[in-house]
$ cat run.txt   # compact mmCIF, C-alpha atoms and all ligand atoms
# COMPACT_ATOMS: atom_id res chain seq x y z
CA MET F 857 118.56 116.09 101.62
CA ALA F 858 119.95 113.19 103.62
CA MET F 859 118.23 109.98 102.65
CA VAL F 860 118.65 106.74 104.53
CA LEU F 861 119.07 103.92 102.05
CA ASP F 862 117.89 101.21 104.41
CA LYS F 863 114.41 102.80 104.44
CA VAL F 864 114.12 102.63 100.66
CA VAL F 865 112.65 99.90 98.48
CA PRO F 866 114.33 100.54 95.14
CA PHE F 867 111.76 98.89 92.88
CA GLY F 868 111.33 100.44 89.45
CA ARG F 869 109.09 100.14 86.45
CA SER F 870 109.83 99.83 82.75
CA MET F 871 109.01 102.13 79.83
CA ASP F 872 106.17 99.81 78.83
CA GLU F 873 104.73 100.05 82.36
CA TYR F 874 105.06 103.87 82.31
CA ILE F 875 103.29 103.98 78.91
CA LYS F 876 100.37 101.99 80.34
CA ILE F 877 100.35 103.68 83.77
CA PHE F 878 100.20 107.16 82.24
CA ASN F 879 98.29 106.43 78.98
CA LEU F 880 101.26 107.87 77.07
CA THR F 881 100.66 108.35 73.33
CA ASN F 882 103.39 108.57 70.69
CA ALA F 883 102.94 112.34 70.76
CA ASP F 884 103.41 112.33 74.56
CA LEU F 885 106.62 110.30 74.22
CA ASN F 886 108.09 113.03 72.01
CA LYS F 887 107.51 115.74 74.63
CA ARG F 888 110.10 117.11 77.07
CA ILE F 889 109.39 114.86 80.04
CA ILE F 890 110.47 114.98 83.66
CA GLY F 891 109.96 111.91 85.85
CA ILE F 892 109.79 112.80 89.52
CA GLY F 893 110.69 110.04 91.95
CA ASP F 894 111.76 107.79 89.07
CA GLY F 895 114.10 105.80 91.33
CA PRO F 896 115.51 102.74 89.54
CA ALA F 897 112.85 102.77 86.79
CA SER F 898 114.21 101.98 83.31
CA PHE F 899 111.88 104.53 81.64
CA ASN F 900 114.69 107.07 81.21
CA ALA F 901 117.20 104.49 79.92
CA GLU F 902 114.76 103.02 77.40
CA MET F 903 113.44 106.41 76.25
CA THR F 904 116.96 107.78 75.80
CA ARG F 905 117.91 104.78 73.68
CA GLN F 906 115.01 105.74 71.40
CA GLY F 907 116.20 109.34 71.16
CA LYS F 908 113.51 110.78 73.47
CA SER F 909 113.96 113.45 76.13
CA VAL F 910 113.61 112.50 79.82
CA VAL F 911 115.08 113.93 83.01
CA SER F 912 114.63 111.89 86.21
CA VAL F 913 114.79 113.46 89.66
CA ASP F 914 115.08 111.47 92.88
CA PRO F 915 116.92 111.76 96.22
CA LEU F 916 118.00 108.14 95.58
CA TYR F 917 120.49 109.39 92.99
CA GLN F 918 122.83 110.56 95.77
CA PHE F 919 123.81 106.87 95.98
CA SER F 920 126.04 104.90 93.64
CA GLY F 921 124.70 102.20 91.34
CA ASP F 922 126.38 99.54 93.51
CA GLU F 923 124.69 100.87 96.65
CA ILE F 924 121.26 100.93 94.97
CA LEU F 925 121.73 97.38 93.66
CA GLN F 926 122.89 96.13 97.06
CA ARG F 927 119.77 97.58 98.68
CA PHE F 928 117.59 96.00 95.96
CA ASN F 929 119.19 92.60 96.57
CA GLU F 930 118.64 92.96 100.33
CA VAL F 931 114.89 93.51 100.01
CA VAL F 932 113.71 91.75 96.87
CA ASP F 933 113.16 88.23 98.27
CA ASN F 934 111.36 89.47 101.33
CA ILE F 935 108.99 91.61 99.28
CA ILE F 936 108.26 88.92 96.72
CA ASN F 937 107.60 86.45 99.56
CA GLN F 938 105.12 88.91 101.09
CA VAL F 939 103.39 89.21 97.72
CA LYS F 940 103.34 85.40 97.37
CA ALA F 941 101.71 85.10 100.80
CA THR F 942 98.86 87.37 99.63
CA SER F 943 99.04 86.38 95.97
CA ASN F 944 95.26 86.03 95.49
CA ASP F 945 94.72 89.67 96.50
CA TRP F 946 96.84 91.12 93.68
CA VAL F 947 95.90 91.59 90.03
CA TRP F 948 98.01 89.44 87.70
CA SER F 949 97.00 90.97 84.38
CA TYR F 950 100.29 92.70 83.50
CA HIS F 951 102.74 90.75 85.64
CA LYS F 952 101.65 87.14 85.46
CA SER F 953 102.71 85.94 88.93
CA PRO F 954 104.93 86.97 91.88
CA ASP F 955 107.89 85.27 90.16
CA ASP F 956 107.17 87.13 86.94
CA LEU F 957 107.00 90.37 88.95
CA ARG F 958 110.42 89.59 90.45
CA HIS F 959 111.85 88.80 87.02
CA ASN F 960 110.53 92.09 85.63
CA ARG F 961 111.86 94.15 88.56
CA VAL F 962 115.33 92.58 88.18
CA LYS F 963 115.31 93.30 84.45
CA VAL F 964 114.30 96.92 85.08
CA ILE F 965 117.02 97.64 87.65
CA GLN F 966 119.63 96.08 85.36
CA GLU F 967 118.50 98.36 82.51
CA PHE F 968 118.57 101.34 84.86
CA LEU F 969 122.06 100.54 86.15
CA SER F 970 123.45 100.09 82.64
CA ASP F 971 122.49 103.73 81.92
CA TYR F 972 122.91 105.31 85.36
CA GLU F 973 126.54 106.57 85.26
CA THR F 974 126.24 107.97 81.72
CA GLY F 975 122.90 109.54 82.55
CA LYS F 976 124.22 111.14 85.72
CA LYS F 977 127.02 112.81 83.75
CA SER F 978 124.51 114.38 81.38
CA ASN F 979 122.12 115.36 84.22
CA ARG F 980 119.42 112.94 83.11
CA TYR F 981 119.50 111.52 86.64
CA ALA F 982 119.50 114.43 89.06
CA VAL F 983 119.43 114.47 92.85
CA GLY F 984 116.39 116.43 93.98
CA GLU F 985 113.17 116.06 95.86
CA LEU F 986 109.67 117.39 96.11
CA PRO F 987 108.29 119.79 97.12
CA LYS F 988 111.04 122.00 95.57
CA LEU F 989 112.72 121.31 92.24
CA ALA F 990 115.64 123.20 90.68
CA TYR F 991 114.13 123.77 87.22
CA ASP F 992 112.82 126.82 85.40
CA ASN F 993 109.17 127.68 84.96
CA GLN F 994 107.64 125.58 82.17
CA GLU F 995 110.94 123.90 81.31
CA PHE F 996 109.06 120.66 80.56
CA ASP F 997 105.89 119.71 78.71
CA LEU F 998 104.99 116.80 80.95
CA ALA F 999 105.80 115.86 84.58
CA LEU F 1000 105.18 112.23 85.55
CA CYS F 1001 105.05 110.96 89.11
CA SER F 1002 104.68 107.20 89.55
CA HIS F 1003 104.21 105.44 92.87
CA LEU F 1004 104.99 108.35 95.21
CA LEU F 1005 102.25 110.98 95.59
CA PHE F 1006 98.87 109.58 96.75
CA LEU F 1007 100.43 106.13 97.22
CA TYR F 1008 102.28 107.39 100.33
CA SER F 1009 99.30 109.46 101.57
CA ASP F 1010 99.66 108.02 105.08
CA HIS F 1011 103.24 109.37 105.25
CA LEU F 1012 103.01 112.56 103.16
CA ASP F 1013 100.33 115.04 104.27
CA TYR F 1014 97.88 117.15 102.26
CA ASN F 1015 100.13 120.24 102.24
CA PHE F 1016 103.03 118.19 100.92
CA HIS F 1017 100.80 116.99 98.08
CA LEU F 1018 99.54 120.51 97.37
CA ASP F 1019 103.06 122.04 97.37
CA SER F 1020 104.49 119.19 95.29
CA ILE F 1021 101.78 119.34 92.63
CA GLY F 1022 102.08 123.15 92.57
CA GLU F 1023 105.82 122.76 91.96
CA MET F 1024 105.30 120.21 89.18
CA LEU F 1025 102.79 122.56 87.52
CA ARG F 1026 105.34 125.38 87.77
CA ILE F 1027 107.97 123.46 85.78
CA ALA F 1028 105.65 121.55 83.39
CA LYS F 1029 102.49 122.29 81.40
CA GLU F 1030 100.88 119.04 82.44
CA VAL F 1031 101.18 116.69 85.41
CA ARG F 1032 100.21 113.01 85.57
CA ILE F 1033 100.18 110.98 88.79
CA PHE F 1034 99.62 107.25 89.37
CA PRO F 1035 98.22 105.45 91.34
CA LEU F 1036 95.45 107.25 93.25
CA ILE F 1037 95.24 104.67 96.05
CA THR F 1038 97.45 104.26 99.10
CA LEU F 1039 99.76 101.43 100.13
CA MET F 1040 96.75 100.07 102.05
CA TRP F 1041 94.83 99.97 98.74
CA LYS F 1042 92.46 102.71 99.93
CA HIS F 1043 91.31 105.78 97.94
CA SER F 1044 93.84 108.49 98.91
CA GLN F 1045 92.49 110.78 101.61
CA HIS F 1046 94.08 113.77 99.81
CA LEU F 1047 92.74 113.18 96.31
CA ASP F 1048 89.29 114.80 96.51
CA GLU F 1049 90.65 117.99 98.13
CA ILE F 1050 93.42 118.23 95.53
CA VAL F 1051 90.91 117.82 92.70
CA LYS F 1052 88.64 120.46 94.26
CA TYR F 1053 91.56 122.87 94.74
CA TYR F 1054 92.87 122.68 91.17
CA THR F 1055 89.38 122.74 89.68
CA SER F 1056 88.67 125.97 91.61
CA LYS F 1057 91.91 127.45 90.22
CA GLY F 1058 90.75 126.79 86.63
CA TYR F 1059 92.96 123.81 85.81
CA LYS F 1060 91.64 120.98 83.66
CA ILE F 1061 91.39 117.79 85.68
CA ASP F 1062 90.94 114.31 84.26
CA ILE F 1063 90.92 111.02 86.11
CA GLU F 1064 91.61 108.36 83.50
CA LYS F 1065 91.25 104.64 83.82
CA VAL F 1066 94.39 102.85 82.65
CA GLU F 1067 95.12 99.35 81.44
CA TYR F 1068 97.77 98.65 84.12
CA GLU F 1069 96.75 97.20 87.49
CA LEU F 1070 98.75 95.34 90.12
CA GLN F 1071 97.34 96.65 93.38
CA PRO F 1072 93.58 96.00 93.21
CA GLY F 1073 91.86 99.30 92.41
CA GLY F 1074 95.17 100.89 91.40
CA ASN F 1075 94.15 101.51 87.79
CA LYS F 1076 93.43 105.25 87.72
CA MET F 1077 95.65 108.18 86.82
CA LEU F 1078 95.22 111.88 87.59
CA LYS F 1079 95.98 114.39 84.83
CA ILE F 1080 96.19 118.12 85.62
CA THR F 1081 96.65 120.50 82.72
CA ARG F 1082 97.72 124.09 83.11
CA ASP F 1083 96.21 125.62 79.95
CA ILE F 1084 92.49 125.14 79.83
CA ILE F 1085 92.12 126.74 76.40
C1 LIG F 1101 108.12 103.38 94.88
S1 LIG F 1101 109.43 104.24 94.14
C2 LIG F 1101 108.80 104.51 92.50
C3 LIG F 1101 109.88 104.52 91.45
C4 LIG F 1101 109.40 104.84 90.03
N1 LIG F 1101 108.66 106.08 89.96
C5 LIG F 1101 108.56 103.73 89.48
O1 LIG F 1101 107.32 103.85 89.51
O2 LIG F 1101 109.09 102.74 89.04
C6 LIG F 1101 109.28 105.85 94.91
C7 LIG F 1101 110.48 106.76 94.61
O3 LIG F 1101 110.21 108.05 95.17
C8 LIG F 1101 111.43 108.59 95.62
N2 LIG F 1101 111.15 109.70 96.54
C9 LIG F 1101 110.91 109.65 97.89
N3 LIG F 1101 110.66 110.89 98.36
C10 LIG F 1101 110.76 111.75 97.30
C11 LIG F 1101 110.60 113.16 97.15
N4 LIG F 1101 110.29 113.96 98.18
N5 LIG F 1101 110.76 113.69 95.92
C12 LIG F 1101 111.06 112.91 94.84
N6 LIG F 1101 111.22 111.55 94.93
C13 LIG F 1101 111.07 110.99 96.15
C14 LIG F 1101 112.13 107.40 96.26
O4 LIG F 1101 113.51 107.60 96.39
C15 LIG F 1101 111.78 106.28 95.27
O5 LIG F 1101 112.77 106.14 94.28

$ encode --input "run.txt" --output "structure tokens" --more "lines below"
Ligand SMILES: C[S@@+](CC[C@H](N)C(=O)[O-])C[C@H]1O[C@@H](n2cnc3c(N)ncnc32)[C@H](O)[C@@H]1O
Amino acid sequence: MAMVLDKVVPFGRSMDEYIKIFNLTNADLNKRIIGIGDGPASFNAEMTRQGKSVVSVDPLYQFSGDEILQRFNEVVDNIINQVKATSNDWVWSYHKSPDDLRHNRVKVIQEFLSDYETGKKSNRYAVGELPKLAYDNQEFDLALCSHLLFLYSDHLDYNFHLDSIGEMLRIAKEVRIFPLITLMWKHSQHLDEIVKYYTSKGYKIDIEKVEYELQPGGNKMLKITRDII
């Protein structure tokens, strides 16, 4: 599971962003949650502070907090400058501007880092990667995957998506994935086949519109539920 840090953009989202991205209700927040590919999101840190149950899995967690922060500092200006150069193309409803986006991403990684060492010791931040996860069948109620599957459809093929979603459904009763567009802001080429596959297997599929949008058109979330009764 060797991961090269200089290929990674360690940008993470907050608990409030996760709530909006995944339409999480108060009842959802009290479930046993696993966040897959959580990276330097502060969802786990903020949820834990409120006494909620979250495990985050990511190959990034093989690195120290200092290494993750160093990589963040190396890339943040470049990325924000790219966003500024195309500023009119983005949706500034949640984040108000490229500078606000930068401010929020810095705040999130600081929150994450303040919890990272403690969380690692209690296995709340675990090294692991799709398509295979080291958890028992149905160990979680809800598996969340933000900004990995579908977004990286040009890098991760259909079988990777199928195997990964199958694995998430093995360990959790319900899976939610956001967004459903690619890095090029196109409808993911894998989405329709995935929906067809899980519908044919009897799973309940919902595509929900959400309040959060930054990439234009990136405001839909896929929900797959194991029990249809
Ligand atoms: C764009 S970041 C999203 C971080 C977080 N989910 C959020 O939305 O704030 C994508 C994350 O996916 C992780 N990742 C890459 N390949 C993965 C895999 N096969 N399984 C799990 N996570 C992976 C990366 O290390 C990175 O932290």

$ closest_atom_pairs --input "run.txt" --of "range 877-937 of chain F" --to "range 1022-1034 of chain F" --cutoff "9 Å" --atoms "all atoms listed in the file" --output "JSON lines"
{"residue": "F:Ile877", "atom": "CA", "partner": "F:Phe1034", "partner_atom": "CA", "distance": 6.7}
{"residue": "F:Phe878", "atom": "CA", "partner": "F:Arg1032", "partner_atom": "CA", "distance": 6.7}
{"residue": "F:Arg888", "atom": "CA", "partner": "F:Ala1028", "partner_atom": "CA", "distance": 8.9}
{"residue": "F:Ile889", "atom": "CA", "partner": "F:Ala1028", "partner_atom": "CA", "distance": 8.4}
{"residue": "F:Ile890", "atom": "CA", "partner": "F:Ala1028", "partner_atom": "CA", "distance": 8.2}
{"residue": "F:Ile892", "atom": "CA", "partner": "F:Met1024", "partner_atom": "CA", "distance": 8.7}

$ closest_atom_pairs --input "run.txt" --of "chain F" --to "ligand LIG 1101 (chain F)" --cutoff "7 Å" --atoms "all atoms listed in the file" --output "CSV"
residue,atom,partner,partner_atom,distance
F:Val864,CA,F:LIG1101,O4,6.6
F:Val865,CA,F:LIG1101,C1,6.8
F:Pro866,CA,F:LIG1101,O5,5.9
F:Phe867,CA,F:LIG1101,S1,6.0
F:Gly868,CA,F:LIG1101,O2,3.2
F:Arg869,CA,F:LIG1101,O2,3.7
F:Ser870,CA,F:LIG1101,O2,7.0
F:Ile892,CA,F:LIG1101,C12,5.5
F:Gly893,CA,F:LIG1101,N6,3.4
F:Asp894,CA,F:LIG1101,N1,3.7
F:Gly895,CA,F:LIG1101,O5,3.3
F:Pro896,CA,F:LIG1101,C3,6.2
F:Ala897,CA,F:LIG1101,O2,4.4
F:Val913,CA,F:LIG1101,C12,6.4
F:Asp914,CA,F:LIG1101,N6,4.4
F:Pro915,CA,F:LIG1101,O4,5.4
F:Leu916,CA,F:LIG1101,O4,4.6
F:Gly984,CA,F:LIG1101,C12,6.4
F:Glu985,CA,F:LIG1101,N5,3.4
F:Leu986,CA,F:LIG1101,N5,3.9
F:Pro987,CA,F:LIG1101,N4,6.3
F:Cys1001,CA,F:LIG1101,N1,6.1
F:Ser1002,CA,F:LIG1101,N1,4.2
F:His1003,CA,F:LIG1101,C2,4.7
F:Leu1004,CA,F:LIG1101,C6,5.0

$ atom_distance --input "run.txt" --atom1 "CA of Val911 in chain F" --atom2 "CA of His959 in chain F"
25.7 Å

$ atom_distance --input "run.txt" --atom1 "CA of Leu957 in chain F" --atom2 "CA of Met1040 in chain F"
19.3 Å

$ atom_distance --input "run.txt" --atom1 "CA of Gly975 in chain F" --atom2 "CA of Asn993 in chain F"
22.9 Å

$ residues_around --input "run.txt" --residues "Tyr874 in chain F" --least-positions-apart "6" --cutoff "9 Å" --atoms "all atoms listed in the file" --output "list in words"
Leu880, Phe899, Leu1000 and Ser1002 of chain F

$ residues_around --input "run.txt" --residues "range 941-956 of chain F" --least-positions-apart "6" --cutoff "12 Å" --atoms "only C-alpha atoms" --output "PyMOL selection string"
chain F and resi 869-870+872-873+876-877+932-935+962-963+1040-1041+1066-1075

$ residues_around --input "run.txt" --residues "Thr904 in chain F" --least-positions-apart "6" --cutoff "12 Å" --atoms "only C-alpha atoms" --output "VMD selection string"
chain F and resid 871 885 to 886 888 to 889 898 910 to 912 967 to 968 971 to 972 974 to 975 978 980 to 981

$ write_last_selection --input "run.txt" --atoms "C-alpha atoms" --output "short mmCIF file (atom, residue, chain, number, x, y, z; two decimals), keeping the file's coordinate frame"
data_model
loop_
_atom_site.label_atom_id
_atom_site.label_comp_id
_atom_site.auth_asym_id
_atom_site.auth_seq_id
_atom_site.Cartn_x
_atom_site.Cartn_y
_atom_site.Cartn_z
CA MET F 871 109.01 102.13 79.83
CA LEU F 885 106.62 110.30 74.22
CA ASN F 886 108.09 113.03 72.01
CA ARG F 888 110.10 117.11 77.07
CA ILE F 889 109.39 114.86 80.04
CA SER F 898 114.21 101.98 83.31
CA VAL F 910 113.61 112.50 79.82
CA VAL F 911 115.08 113.93 83.01
CA SER F 912 114.63 111.89 86.21
CA GLU F 967 118.50 98.36 82.51
CA PHE F 968 118.57 101.34 84.86
CA ASP F 971 122.49 103.73 81.92
CA TYR F 972 122.91 105.31 85.36
CA THR F 974 126.24 107.97 81.72
CA GLY F 975 122.90 109.54 82.55
CA SER F 978 124.51 114.38 81.38
CA ARG F 980 119.42 112.94 83.11
CA TYR F 981 119.50 111.52 86.64
#

$ residues_around --input "run.txt" --residues "Lys863 in chain F" --least-positions-apart "3" --cutoff "12 Å" --atoms "all atoms listed in the file" --output "JSON list (two decimals) with C-alpha atoms, in the coordinates of the input"
[["chain", "number", "residue", "atom", "x", "y", "z"],
["F", 858, "ALA", "CA", 119.95, 113.19, 103.62],
["F", 859, "MET", "CA", 118.23, 109.98, 102.65],
["F", 860, "VAL", "CA", 118.65, 106.74, 104.53],
["F", 866, "PRO", "CA", 114.33, 100.54, 95.14],
["F", 916, "LEU", "CA", 118.00, 108.14, 95.58],
["F", 924, "ILE", "CA", 121.26, 100.93, 94.97],
["F", 927, "ARG", "CA", 119.77, 97.58, 98.68],
["F", 928, "PHE", "CA", 117.59, 96.00, 95.96],
["F", 930, "GLU", "CA", 118.64, 92.96, 100.33],
["F", 931, "VAL", "CA", 114.89, 93.51, 100.01]]

$ closest_residue --input "run.txt" --among "F:Asp1010, F:Val964, F:Arg958, F:Asn900" --to "Lys976 in chain F" --atoms "all atoms listed in the file"
F:Asn900

$ axis_aligned_box --input "run.txt" --around "range 978-986 of chain F" --padding-each-side "3 Å" --output "lines of an AutoDock Vina configuration file"
center_x = 117.1
center_y = 114.5
center_z = 88.7
size_x = 20.8
size_y = 11.9
size_z = 20.7

$ closest_residue --input "run.txt" --among "F:Gln926, F:Asn879, F:Ser1044, F:Thr1055" --to "Ile1080 in chain F" --atoms "all atoms listed in the file"
F:Thr1055

$ residues_around --input "run.txt" --residues "Leu1036 in chain F" --least-positions-apart "6" --cutoff "8 Å" --atoms "all atoms listed in the file" --output "PyMOL selection string"
chain F and resi 1006-1007+1043-1044+1047+1074+1076-1078

$ closest_residue --input "run.txt" --among "F:Ile1063, F:Ser970, F:Glu1049, F:Gln938" --to "Arg905 in chain F" --atoms "all atoms listed in the file"
F:Ser970
